[in-house]
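Data block for input-v6.pdb (PDB, C-alpha atoms):
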```
ATOM      1  CA  MET G 283     113.442  91.014 106.687
ATOM      2  CA  GLY G 284     114.819  87.544 105.989
ATOM      3  CA  THR G 285     115.566  85.067 108.707
ATOM      4  CA  VAL G 286     119.003  84.677 110.212
ATOM      5  CA  PRO G 287     120.433  81.172 110.737
ATOM      6  CA  ALA G 288     121.477  79.527 113.975
ATOM      7  CA  ALA G 289     123.565  81.737 116.242
ATOM      8  CA  SER G 290     124.993  82.109 119.730
ATOM      9  CA  ALA G 291     126.248  85.241 121.427
ATOM     10  CA  LEU G 292     127.829  85.113 124.860
ATOM     11  CA  GLY G 293     129.630  87.603 127.032
ATOM     12  CA  SER G 294     133.140  87.237 128.382
ATOM     13  CA  PRO G 295     135.112  88.775 131.239
ATOM     14  CA  ALA G 296     136.545  92.257 130.675
ATOM     15  CA  GLY G 297     139.869  92.164 128.885
ATOM     16  CA  SER G 298     139.439  88.680 127.439
ATOM     17  CA  PRO G 299     139.901  88.235 123.687
ATOM     18  CA  LEU G 300     136.850  88.536 121.475
ATOM     19  CA  SER G 301     136.148  85.593 119.182
ATOM     20  CA  ILE G 302     133.782  85.890 116.259
ATOM     21  CA  TYR G 303     133.270  83.159 113.721
ATOM     22  CA  PHE G 304     130.681  82.551 111.070
ATOM     23  CA  LEU G 305     129.991  80.492 107.990
ATOM     24  CA  ALA G 306     128.899  81.986 104.692
ATOM     25  CA  ALA G 307     127.293  80.168 101.780
ATOM     26  CA  ARG G 308     125.616  80.945  98.493
ATOM     27  CA  ARG G 309     122.539  78.869  99.370
ATOM     28  CA  PRO G 310     120.481  79.666 102.466
ATOM     29  CA  PRO G 311     120.022  77.032 105.155
ATOM     30  CA  LYS G 312     116.637  75.612 106.135
ATOM     31  CA  MET G 313     115.566  77.294 109.369
ATOM     32  CA  ILE G 314     114.181  75.317 112.295
ATOM     33  CA  GLU G 315     112.157  76.625 115.216
ATOM     34  CA  ASN G 316     111.442  74.892 118.514
ATOM     35  CA  PRO G 317     107.704  74.350 119.119
ATOM     36  CA  ARG G 318     108.385  74.575 122.882
ATOM     37  CA  GLN G 319     109.785  78.096 122.571
ATOM     38  CA  THR G 320     108.642  81.452 121.307
ATOM     39  CA  SER G 321     110.506  82.364 118.136
ATOM     40  CA  ALA G 322     113.296  84.766 119.003
ATOM     41  CA  TYR G 323     111.850  87.105 116.377
ATOM     42  CA  HIS G 324     108.693  87.418 118.507
ATOM     43  CA  TYR G 325     110.080  87.940 121.999
ATOM     44  CA  PRO G 326     108.168  90.458 124.121
ATOM     45  CA  PRO G 327     109.619  93.954 124.717
ATOM     46  CA  LYS G 328     110.746  93.064 128.251
ATOM     47  CA  PHE G 329     113.819  91.424 126.653
ATOM     48  CA  GLY G 330     114.903  94.634 124.934
ATOM     49  CA  ARG G 331     113.780  97.208 122.401
ATOM     50  CA  HIS G 332     114.588  94.829 119.581
ATOM     51  CA  SER G 333     113.973  91.102 119.528
ATOM     52  CA  PRO G 334     117.032  88.905 119.129
ATOM     53  CA  ILE G 335     117.579  87.880 115.522
ATOM     54  CA  PHE G 336     118.384  84.182 115.105
ATOM     55  CA  SER G 337     116.793  80.856 114.302
ATOM     56  CA  ARG G 338     116.801  78.128 116.934
ATOM     57  CA  ALA G 339     118.590  75.790 114.510
ATOM     58  CA  CYS G 340     119.204  75.284 110.816
ATOM     59  CA  VAL G 341     120.151  72.558 108.371
ATOM     60  CA  TRP G 342     122.533  73.380 105.569
ATOM     61  CA  GLY G 343     123.851  71.237 102.790
ATOM     62  CA  GLU G 344     122.778  68.247 100.763
ATOM     63  CA  ALA G 345     119.139  67.576  99.844
ATOM     64  CA  GLY G 346     118.664  64.669 102.282
ATOM     65  CA  GLY G 347     119.913  66.608 105.280
ATOM     66  CA  GLY G 348     123.332  68.110 105.620
ATOM     67  CA  ARG G 349     124.911  69.748 108.617
ATOM     68  CA  LEU G 350     122.702  70.684 111.578
ATOM     69  CA  PHE G 351     123.578  73.820 113.544
ATOM     70  CA  VAL G 352     121.795  74.287 116.888
ATOM     71  CA  SER G 353     121.862  77.813 118.292
ATOM     72  CA  GLY G 354     122.753  78.469 121.891
ATOM     73  CA  THR G 355     119.879  76.725 123.693
ATOM     74  CA  ALA G 356     118.881  77.141 127.308
ATOM     75  CA  SER G 357     116.227  76.351 129.905
ATOM     76  CA  ILE G 358     113.525  78.464 128.264
ATOM     77  CA  VAL G 359     109.938  77.408 127.609
ATOM     78  CA  GLY G 360     107.824  79.886 125.687
ATOM     79  CA  HIS G 361     109.960  82.939 126.371
ATOM     80  CA  GLU G 362     110.477  82.425 130.108
ATOM     81  CA  THR G 363     113.452  80.996 131.987
ATOM     82  CA  ILE G 364     112.562  77.734 133.734
ATOM     83  CA  HIS G 365     114.275  76.307 136.872
ATOM     84  CA  ARG G 366     115.935  79.495 138.109
ATOM     85  CA  GLY G 367     118.916  78.763 140.366
ATOM     86  CA  ASP G 368     119.002  74.998 139.595
ATOM     87  CA  VAL G 369     121.817  74.184 137.151
ATOM     88  CA  ILE G 370     120.933  70.470 136.994
ATOM     89  CA  ALA G 371     117.277  71.125 136.123
ATOM     90  CA  GLN G 372     118.328  73.832 133.651
ATOM     91  CA  THR G 373     120.717  71.392 131.951
ATOM     92  CA  ARG G 374     117.973  68.766 131.670
ATOM     93  CA  GLU G 375     115.472  71.312 130.282
ATOM     94  CA  THR G 376     118.058  72.532 127.790
ATOM     95  CA  MET G 377     118.533  68.982 126.541
ATOM     96  CA  VAL G 378     114.750  68.579 126.187
ATOM     97  CA  ASN G 379     114.802  71.711 124.009
ATOM     98  CA  ILE G 380     117.651  70.314 121.919
ATOM     99  CA  GLY G 381     115.683  67.068 121.582
ATOM    100  CA  ALA G 382     112.692  69.043 120.276
ATOM    101  CA  LEU G 383     114.950  70.713 117.700
ATOM    102  CA  LEU G 384     116.277  67.310 116.621
ATOM    103  CA  GLU G 385     112.691  66.112 116.094
ATOM    104  CA  GLN G 386     111.978  69.171 113.934
ATOM    105  CA  ALA G 387     115.216  68.693 111.964
ATOM    106  CA  ASN G 388     114.433  65.029 111.322
ATOM    107  CA  ARG G 389     110.912  65.938 110.210
ATOM    108  CA  LEU G 390     112.370  68.554 107.843
ATOM    109  CA  VAL G 391     114.795  66.116 106.182
ATOM    110  CA  GLY G 392     112.368  63.181 106.248
ATOM    111  CA  SER G 393     114.578  60.748 108.158
ATOM    112  CA  SER G 394     116.062  60.024 111.583
ATOM    113  CA  ARG G 395     119.399  61.469 110.559
ATOM    114  CA  TYR G 396     120.036  63.548 113.694
ATOM    115  CA  SER G 397     120.302  62.255 117.282
ATOM    116  CA  LEU G 398     121.675  63.486 120.593
ATOM    117  CA  ASP G 399     124.527  61.011 120.352
ATOM    118  CA  SER G 400     125.650  62.345 116.963
ATOM    119  CA  LEU G 401     125.999  65.949 118.148
ATOM    120  CA  LYS G 402     129.146  67.828 119.063
ATOM    121  CA  LEU G 403     128.214  70.033 122.035
ATOM    122  CA  LYS G 404     129.646  73.286 123.267
ATOM    123  CA  VAL G 405     128.453  73.905 126.830
ATOM    124  CA  TYR G 406     128.685  77.405 128.284
ATOM    125  CA  LEU G 407     128.604  77.740 132.067
ATOM    126  CA  ARG G 408     128.006  80.993 133.911
ATOM    127  CA  ASN G 409     129.661  79.637 137.070
ATOM    128  CA  PRO G 410     132.751  77.385 136.761
ATOM    129  CA  ALA G 411     131.798  75.746 140.080
ATOM    130  CA  ASP G 412     128.750  74.202 138.310
ATOM    131  CA  LEU G 413     130.948  72.116 135.999
ATOM    132  CA  PRO G 414     130.789  68.840 138.028
ATOM    133  CA  ASP G 415     126.968  68.974 138.210
ATOM    134  CA  VAL G 416     126.585  69.700 134.486
ATOM    135  CA  GLU G 417     129.115  67.005 133.530
ATOM    136  CA  ALA G 418     127.293  64.437 135.683
ATOM    137  CA  THR G 419     123.891  65.416 134.256
ATOM    138  CA  LEU G 420     125.072  65.171 130.659
ATOM    139  CA  ALA G 421     126.786  61.840 131.431
ATOM    140  CA  GLU G 422     123.328  60.492 132.399
ATOM    141  CA  LEU G 423     121.748  61.768 129.158
ATOM    142  CA  LEU G 424     124.452  61.043 126.563
ATOM    143  CA  GLN G 425     126.724  58.211 125.492
ATOM    144  CA  PRO G 426     130.148  58.077 127.207
ATOM    145  CA  ALA G 427     131.914  59.014 123.954
ATOM    146  CA  ALA G 428     129.876  62.204 123.523
ATOM    147  CA  SER G 429     131.870  65.121 122.091
ATOM    148  CA  ILE G 430     131.557  67.960 124.630
ATOM    149  CA  VAL G 431     133.596  71.112 125.194
ATOM    150  CA  TYR G 432     132.949  73.157 128.357
ATOM    151  CA  LEU G 433     133.557  76.915 128.488
ATOM    152  CA  GLN G 434     132.895  79.629 131.042
ATOM    153  CA  ALA G 435     130.865  82.522 129.629
ATOM    154  CA  ASP G 436     128.201  85.048 130.476
ATOM    155  CA  VAL G 437     125.021  83.357 129.279
ATOM    156  CA  CYS G 438     122.386  85.523 127.561
ATOM    157  CA  ARG G 439     120.189  86.071 130.659
ATOM    158  CA  GLU G 440     121.342  86.548 134.241
ATOM    159  CA  ASP G 441     118.993  83.814 135.501
ATOM    160  CA  LEU G 442     120.373  81.212 133.074
ATOM    161  CA  LEU G 443     123.265  79.132 134.355
ATOM    162  CA  VAL G 444     123.971  76.983 131.288
ATOM    163  CA  GLU G 445     123.588  77.307 127.514
ATOM    164  CA  ILE G 446     124.415  74.623 124.956
ATOM    165  CA  GLU G 447     125.013  74.903 121.219
ATOM    166  CA  ALA G 448     125.588  71.951 118.931
ATOM    167  CA  VAL G 449     126.612  70.791 115.492
ATOM    168  CA  GLY G 450     125.566  67.489 113.975
TER     169      GLY G 450
END
```
What do you get writing this file as structure tokens?
Amino acid sequence: MGTVPAASALGSPAGSPLSIYFLAARRPPKMIENPRQTSAYHYPPKFGRHSPIFSRACVWGEAGGGRLFVSGTASIVGHETIHRGDVIAQTRETMVNIGALLEQANRLVGSSRYSLDSLKLKVYLRNPADLPDVEATLAELLQPAASIVYLQADVCREDLLVEIEAVG
């Protein structure tokens, strides 16, 4: 089986419209894994009969880099959720994971092309009431002009309160 590029899958309330989008290309992207996390392809059976099928991130395009796609990333180290019940700590841990992916992407392309401040973020919140805390946390970690969209969604695990995907 080949590897599947960056991906995110989130639930939505009953009756809401389903949105599916994807990019297709003739050349495969370069896959990136996070050294802080177990590859999704190797998750233990407790997460389901079949492991999820996605790469943590990928780079697609020109030889010196191209577009970076970061899969939905959360407060997971190894394969376990970290900071259960604490949306601020989960947001910080998620950003540490995204930082680790940026390091791997920069190593792959051989330059410091990708940075937190160059990313466009899509932040998924399980609970809309957590928005002020997540906004304040990201304001501490990112430049004021950061491109961020916030959406309410059912994140992949019940104990995760926030998930962030990015493009850079």
Give as a compact mmCIF listing (two decimals) with C-alpha atoms, in the coordinates of the input the residues that the PyMOL selection byres ((chain G and resi 401-414) around 9) matches when applied to the coordinates above.
```txt
# COMPACT_ATOMS: atom_id res chain seq x y z
CA LEU G 292 127.83 85.11 124.86
CA LEU G 350 122.70 70.68 111.58
CA GLY G 354 122.75 78.47 121.89
CA VAL G 369 121.82 74.18 137.15
CA ILE G 370 120.93 70.47 136.99
CA TYR G 396 120.04 63.55 113.69
CA SER G 397 120.30 62.26 117.28
CA LEU G 398 121.68 63.49 120.59
CA ASP G 399 124.53 61.01 120.35
CA SER G 400 125.65 62.34 116.96
CA ASP G 415 126.97 68.97 138.21
CA VAL G 416 126.58 69.70 134.49
CA GLU G 417 129.12 67.00 133.53
CA ALA G 418 127.29 64.44 135.68
CA THR G 419 123.89 65.42 134.26
CA ALA G 428 129.88 62.20 123.52
CA SER G 429 131.87 65.12 122.09
CA ILE G 430 131.56 67.96 124.63
CA VAL G 431 133.60 71.11 125.19
CA TYR G 432 132.95 73.16 128.36
CA LEU G 433 133.56 76.92 128.49
CA GLN G 434 132.90 79.63 131.04
CA ALA G 435 130.86 82.52 129.63
CA ASP G 436 128.20 85.05 130.48
CA VAL G 437 125.02 83.36 129.28
CA GLU G 440 121.34 86.55 134.24
CA LEU G 442 120.37 81.21 133.07
CA LEU G 443 123.26 79.13 134.35
CA VAL G 444 123.97 76.98 131.29
CA GLU G 445 123.59 77.31 127.51
CA ILE G 446 124.42 74.62 124.96
CA GLU G 447 125.01 74.90 121.22
CA ALA G 448 125.59 71.95 118.93
CA VAL G 449 126.61 70.79 115.49
CA GLY G 450 125.57 67.49 113.98
```
Open item on the list: Translate the PyMOL selection byres ((chain G and resi 385) around 12) into a concrete residue list for this structure, as a PyMOL selection string.
Closed with: chain G and resi 314-318+339+350+378-384+386-398
C-alpha atoms of the current selection, written as a short mmCIF file (atom, residue, chain, number, x, y, z; two decimals), keeping the file's coordinate frame:
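Contents of part_7.cif, as written:
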```
data_model
loop_
_atom_site.label_atom_id
_atom_site.label_comp_id
_atom_site.auth_asym_id
_atom_site.auth_seq_id
_atom_site.Cartn_x
_atom_site.Cartn_y
_atom_site.Cartn_z
CA ILE G 314 114.18 75.32 112.30
CA GLU G 315 112.16 76.62 115.22
CA ASN G 316 111.44 74.89 118.51
CA PRO G 317 107.70 74.35 119.12
CA ARG G 318 108.38 74.58 122.88
CA ALA G 339 118.59 75.79 114.51
CA LEU G 350 122.70 70.68 111.58
CA VAL G 378 114.75 68.58 126.19
CA ASN G 379 114.80 71.71 124.01
CA ILE G 380 117.65 70.31 121.92
CA GLY G 381 115.68 67.07 121.58
CA ALA G 382 112.69 69.04 120.28
CA LEU G 383 114.95 70.71 117.70
CA LEU G 384 116.28 67.31 116.62
CA GLN G 386 111.98 69.17 113.93
CA ALA G 387 115.22 68.69 111.96
CA ASN G 388 114.43 65.03 111.32
CA ARG G 389 110.91 65.94 110.21
CA LEU G 390 112.37 68.55 107.84
CA VAL G 391 114.80 66.12 106.18
CA GLY G 392 112.37 63.18 106.25
CA SER G 393 114.58 60.75 108.16
CA SER G 394 116.06 60.02 111.58
CA ARG G 395 119.40 61.47 110.56
CA TYR G 396 120.04 63.55 113.69
CA SER G 397 120.30 62.26 117.28
CA LEU G 398 121.68 63.49 120.59
#
```
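CA of Ser357 in chain G lies 5.0 Å from CA of Gln372 in chain G.
Interatomic distance, CA of Val352 in chain G against CA of His365 in chain G: 21.4 Å.
Take CA of Phe351 in chain G and CA of Leu423 in chain G: the distance between them is 19.8 Å.
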TODO: Name the residues that the PyMOL selection byres ((chain G and resi 359) around 6) pulls out of this structure, and write them as number ranges by chain.
DONE: G: 318-319, 358, 360-362
Task: Spatial sel., origin (117.1, 74.9, 109.0), limit 6 Å, only C-alpha atoms, listed as an NGL selection string - done: :G and (311-314 or 339-341)
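Remark: for Phe336 in chain G, the closest of the candidate residues G:Tyr323, G:Ala306, G:Gly348, G:Pro299 is G:Tyr323 (distances computed over all atoms listed in the file).
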Box along x, y and z, 6 Å on every side, all listed atoms of range 378-381 of chain G inside: centre and edge lengths in Å to one decimal, as JSON.
```
{"center_x": 116.2, "center_y": 69.4, "center_z": 123.9, "size_x": 14.9, "size_y": 16.6, "size_z": 16.6}
```
